[in-house]
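Quick look at structure31.tsv (TSV, C-alpha atoms):
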```
chain	number	residue	atom	x	y	z
B	1	MET	CA	-42.07	-46.75	66.83
B	2	ALA	CA	-42.01	-42.98	66.32
B	3	MET	CA	-39.30	-41.62	64.05
B	4	THR	CA	-37.11	-38.81	65.30
B	5	SER	CA	-36.57	-35.69	63.20
B	6	VAL	CA	-33.03	-36.87	62.45
B	7	THR	CA	-34.40	-40.20	61.21
B	8	VAL	CA	-36.98	-38.43	59.06
B	9	ALA	CA	-34.33	-36.06	57.64
B	10	LEU	CA	-32.01	-38.99	56.91
B	11	ALA	CA	-34.79	-40.95	55.19
B	12	ALA	CA	-35.75	-37.90	53.14
B	13	ALA	CA	-32.13	-37.33	52.07
B	14	LEU	CA	-31.79	-40.98	51.03
B	15	ALA	CA	-35.04	-40.86	49.07
B	16	ALA	CA	-33.98	-37.67	47.30
B	17	GLY	CA	-30.66	-39.25	46.32
B	18	ARG	CA	-28.65	-36.62	48.19
B	19	ILE	CA	-26.65	-39.20	50.11
B	20	GLY	CA	-25.76	-42.79	49.37
B	21	PRO	CA	-26.04	-45.90	51.53
B	22	ALA	CA	-22.35	-45.60	52.50
B	23	ALA	CA	-23.07	-42.32	54.28
B	24	VAL	CA	-25.81	-43.98	56.29
B	25	ALA	CA	-23.55	-46.82	57.45
B	26	GLN	CA	-21.03	-44.45	59.01
B	27	PRO	CA	-21.09	-44.23	62.82
B	28	ALA	CA	-22.66	-41.13	64.29
B	29	VAL	CA	-20.31	-38.28	65.16
B	30	VAL	CA	-20.03	-37.83	68.90
B	31	HIS	CA	-20.16	-34.17	69.84
B	32	GLN	CA	-18.65	-32.70	72.96
B	33	ALA	CA	-21.05	-31.18	75.42
B	34	PRO	CA	-21.19	-27.40	75.07
B	35	ARG	CA	-19.08	-25.45	77.54
B	36	LEU	CA	-21.67	-22.71	77.81
B	37	LEU	CA	-25.43	-22.78	77.47
B	38	VAL	CA	-27.23	-19.45	77.34
B	39	VAL	CA	-31.01	-19.13	77.24
B	40	VAL	CA	-32.24	-15.60	76.51
B	41	VAL	CA	-35.88	-14.62	76.77
B	42	ILE	CA	-36.80	-11.08	75.78
B	43	ASP	CA	-40.38	-10.21	76.69
B	44	GLN	CA	-42.48	-8.70	73.94
B	45	MET	CA	-39.71	-8.81	71.35
B	46	ARG	CA	-41.48	-9.58	68.11
B	47	THR	CA	-39.73	-11.78	65.57
B	48	ASP	CA	-39.66	-9.01	62.97
B	49	TYR	CA	-37.52	-6.87	65.31
B	50	VAL	CA	-34.56	-9.14	64.54
B	51	ASP	CA	-34.86	-8.36	60.83
B	52	ARG	CA	-35.68	-4.71	61.43
B	53	TYR	CA	-33.00	-3.86	64.03
B	54	GLY	CA	-30.50	-6.73	63.86
B	55	HIS	CA	-28.13	-4.80	61.62
B	56	GLN	CA	-27.56	-2.38	64.54
B	57	TRP	CA	-26.46	-5.11	66.96
B	58	SER	CA	-22.87	-5.93	67.76
B	59	GLY	CA	-21.17	-8.17	70.28
B	60	GLY	CA	-23.22	-10.58	72.35
B	61	LEU	CA	-26.69	-10.25	70.88
B	62	GLU	CA	-25.35	-10.33	67.33
B	63	ARG	CA	-23.29	-13.44	68.16
B	64	LEU	CA	-26.23	-15.22	69.79
B	65	PHE	CA	-28.37	-14.74	66.70
B	66	ALA	CA	-25.53	-15.54	64.26
B	67	ASP	CA	-24.09	-18.61	66.02
B	68	GLY	CA	-26.85	-19.81	68.32
B	69	ALA	CA	-30.12	-21.64	67.81
B	70	TRP	CA	-32.95	-19.27	67.10
B	71	PHE	CA	-36.55	-20.39	66.76
B	72	ARG	CA	-38.19	-17.89	64.42
B	73	LEU	CA	-41.58	-19.63	64.44
B	74	ALA	CA	-41.75	-20.55	68.12
B	75	ALA	CA	-45.20	-20.19	69.63
B	76	TYR	CA	-46.96	-20.95	72.88
B	77	PRO	CA	-49.89	-23.36	72.36
B	78	TYR	CA	-51.90	-21.90	75.25
B	79	LEU	CA	-53.83	-18.73	75.96
B	80	ASN	CA	-52.08	-16.89	78.81
B	81	THR	CA	-48.76	-15.78	77.37
B	82	VAL	CA	-47.90	-13.72	80.42
B	83	THR	CA	-44.30	-13.41	81.61
B	84	CYS	CA	-44.35	-15.93	84.44
B	85	ALA	CA	-46.13	-18.67	82.48
B	86	GLY	CA	-43.90	-18.13	79.44
B	87	HIS	CA	-40.62	-18.12	81.33
B	88	ALA	CA	-41.64	-21.21	83.30
B	89	THR	CA	-42.53	-22.94	80.02
B	90	VAL	CA	-39.19	-22.06	78.42
B	91	GLY	CA	-37.26	-22.97	81.58
B	92	SER	CA	-38.98	-26.29	82.24
B	93	GLY	CA	-40.03	-27.44	78.77
B	94	THR	CA	-43.56	-28.08	80.05
B	95	PHE	CA	-46.85	-26.20	79.86
B	96	PRO	CA	-48.67	-24.29	82.63
B	97	ASP	CA	-51.00	-27.18	83.43
B	98	ARG	CA	-47.88	-29.20	84.36
B	99	HIS	CA	-45.49	-26.59	85.77
B	100	GLY	CA	-48.22	-24.79	87.73
B	101	LEU	CA	-47.54	-21.14	86.88
B	102	ALA	CA	-50.42	-19.96	84.71
B	103	LEU	CA	-50.43	-16.27	85.66
B	104	ASN	CA	-48.11	-13.56	86.98
B	105	GLU	CA	-50.17	-13.26	90.17
B	106	TRP	CA	-53.31	-14.75	91.67
B	107	TRP	CA	-55.52	-14.67	94.76
B	108	ASP	CA	-54.38	-16.93	97.61
B	109	ARG	CA	-57.66	-18.00	99.25
B	110	GLU	CA	-56.07	-19.30	102.45
B	111	ARG	CA	-54.00	-16.17	103.12
B	112	ARG	CA	-56.63	-13.85	101.56
B	113	VAL	CA	-53.99	-11.89	99.66
B	114	GLU	CA	-52.76	-11.54	96.09
B	115	VAL	CA	-49.45	-13.35	95.53
B	116	ALA	CA	-46.95	-13.12	92.70
B	117	CYS	CA	-45.81	-16.29	90.97
B	118	THR	CA	-42.31	-15.91	92.43
B	119	ASP	CA	-43.18	-14.82	96.01
B	120	ASP	CA	-41.23	-17.04	98.37
B	121	PRO	CA	-41.16	-16.16	102.07
B	122	ARG	CA	-38.37	-18.70	102.67
B	123	VAL	CA	-35.66	-16.85	100.74
B	124	THR	CA	-33.93	-13.48	100.80
B	125	THR	CA	-33.71	-11.60	97.54
B	126	HIS	CA	-30.58	-9.59	96.84
B	127	SER	CA	-31.24	-6.56	94.73
B	128	THR	CA	-29.20	-3.68	93.35
B	129	GLY	CA	-32.23	-1.42	93.63
B	130	ALA	CA	-34.67	-0.63	96.43
B	131	PRO	CA	-35.09	-3.06	99.33
B	132	VAL	CA	-37.33	-6.02	98.51
B	133	ALA	CA	-40.19	-6.80	100.93
B	134	THR	CA	-40.45	-10.49	100.06
B	135	GLY	CA	-38.07	-13.05	98.66
B	136	HIS	CA	-38.46	-14.55	95.23
B	137	GLY	CA	-37.80	-18.08	94.12
B	138	PRO	CA	-39.07	-21.00	92.04
B	139	TRP	CA	-40.78	-22.90	94.88
B	140	ARG	CA	-44.18	-22.82	93.14
B	141	LEU	CA	-42.70	-24.39	90.00
B	142	ARG	CA	-43.89	-28.01	90.05
B	143	MET	CA	-41.45	-29.30	87.41
B	144	PRO	CA	-37.65	-29.25	87.33
B	145	SER	CA	-36.06	-26.53	85.22
B	146	LEU	CA	-33.34	-27.01	82.63
B	147	GLY	CA	-30.78	-25.90	85.24
B	148	ASP	CA	-32.15	-28.43	87.75
B	149	GLU	CA	-31.87	-31.23	85.19
B	150	LEU	CA	-28.33	-30.26	84.18
B	151	ARG	CA	-27.27	-30.32	87.84
B	152	ALA	CA	-28.97	-33.68	88.40
B	153	GLN	CA	-27.73	-35.44	85.26
B	154	LEU	CA	-24.18	-34.26	84.63
B	155	ALA	CA	-21.22	-35.93	86.33
B	156	THR	CA	-19.72	-32.53	87.15
B	157	PRO	CA	-22.56	-30.28	88.29
B	158	PRO	CA	-22.56	-27.05	86.27
B	159	ARG	CA	-22.82	-23.51	87.55
B	160	VAL	CA	-26.28	-22.18	86.83
B	161	VAL	CA	-26.82	-18.43	86.87
B	162	THR	CA	-30.05	-16.53	86.34
B	163	ILE	CA	-30.09	-12.80	85.65
B	164	SER	CA	-33.29	-10.81	85.37
B	165	MET	CA	-34.53	-7.26	85.63
B	166	LYS	CA	-37.69	-8.52	87.34
B	167	ALA	CA	-38.41	-11.41	89.69
B	168	ARG	CA	-40.49	-13.21	87.09
```

Once you've parsed the file, please lay out its structure as structure tokens.
Amino acid sequence: MAMTSVTVALAAALAAGRIGPAAVAQPAVVHQAPRLLVVVVIDQMRTDYVDRYGHQWSGGLERLFADGAWFRLAAYPYLNTVTCAGHATVGSGTFPDRHGLALNEWWDRERRVEVACTDDPRVTTHSTGAPVATGHGPWRLRMPSLGDELRAQLATPPRVVTISMKAR
């Protein structure tokens, strides 16, 4: 049986004498589900920018880094770290070979045209800028996203909102 990271941490703490057997026997603390879940992806923001410019931040971004989970050593274990593949990986928790979005755009042999990863002729895109010729959506994504899973698994379906400067 594989040990979880919590199990490993607990075993390491016991071995180091940091906690006694009485602490292990206590029932686990049940945490309330968070009221708000925010996932922020900032393209091409290097990790060192947080250290270099973080002192200038205030409000939301400062709070997210101070109080949220931040993965300083996160990395993609695949070659094409383009926007669409990366966002689909973060949003679905799977890799391009599973979620199906390996590039930002590719050649559609049947239609003989280049298509973007989010092109979806079945939807209408609402934009604050110039009119959009085609709709955008996740229909090419072969795996459920975090938002899809939250809606499917929670007794009270949550509101899921996505905001982006670009369709990808």

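In this model, the gap between atom CA of B:Leu101 and atom CA of B:Ala85 comes to 5.2 Å.
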
Just to confirm, what's the straight-line distance from atom CA of B:Gly135 to atom CA of B:Arg122 in Å (one decimal)?
6.9 Å

Contact residues around stretch 61-65 of chain B with only C-alpha atoms at 12 Å, ignoring same-chain residues under 2 positions, as a PyMOL selection string
chain B and resi 36-42+47+50-51+53-59+67-72

Kindly indicate which residue among B:Val113, B:Leu141, B:Val29, B:Leu103 lies nearest to B:Gly91, using all atoms listed in the file for the distances.
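The shortest atom-to-atom distance to B:Gly91 comes from B:Leu141.
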
In terms of the shortest atom-to-atom distance over all atoms listed in the file, which of B:Arg168, B:Arg35, B:Arg159, B:Arg52 is closest to B:Asp119?
B:Arg168

Do you have the atom CA of B:Val90-atom CA of B:Gln153 distance handy?
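Straight-line distance from atom CA of B:Val90 to atom CA of B:Gln153 works out to 18.9 Å.
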
Compare B:Pro34, B:Pro77, B:Pro144, B:Pro121 by their minimum atom-to-atom distance to B:Phe95, counting all atoms listed in the file, and give me the closest one.
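Distance minimum relative to B:Phe95 lands on B:Pro77.
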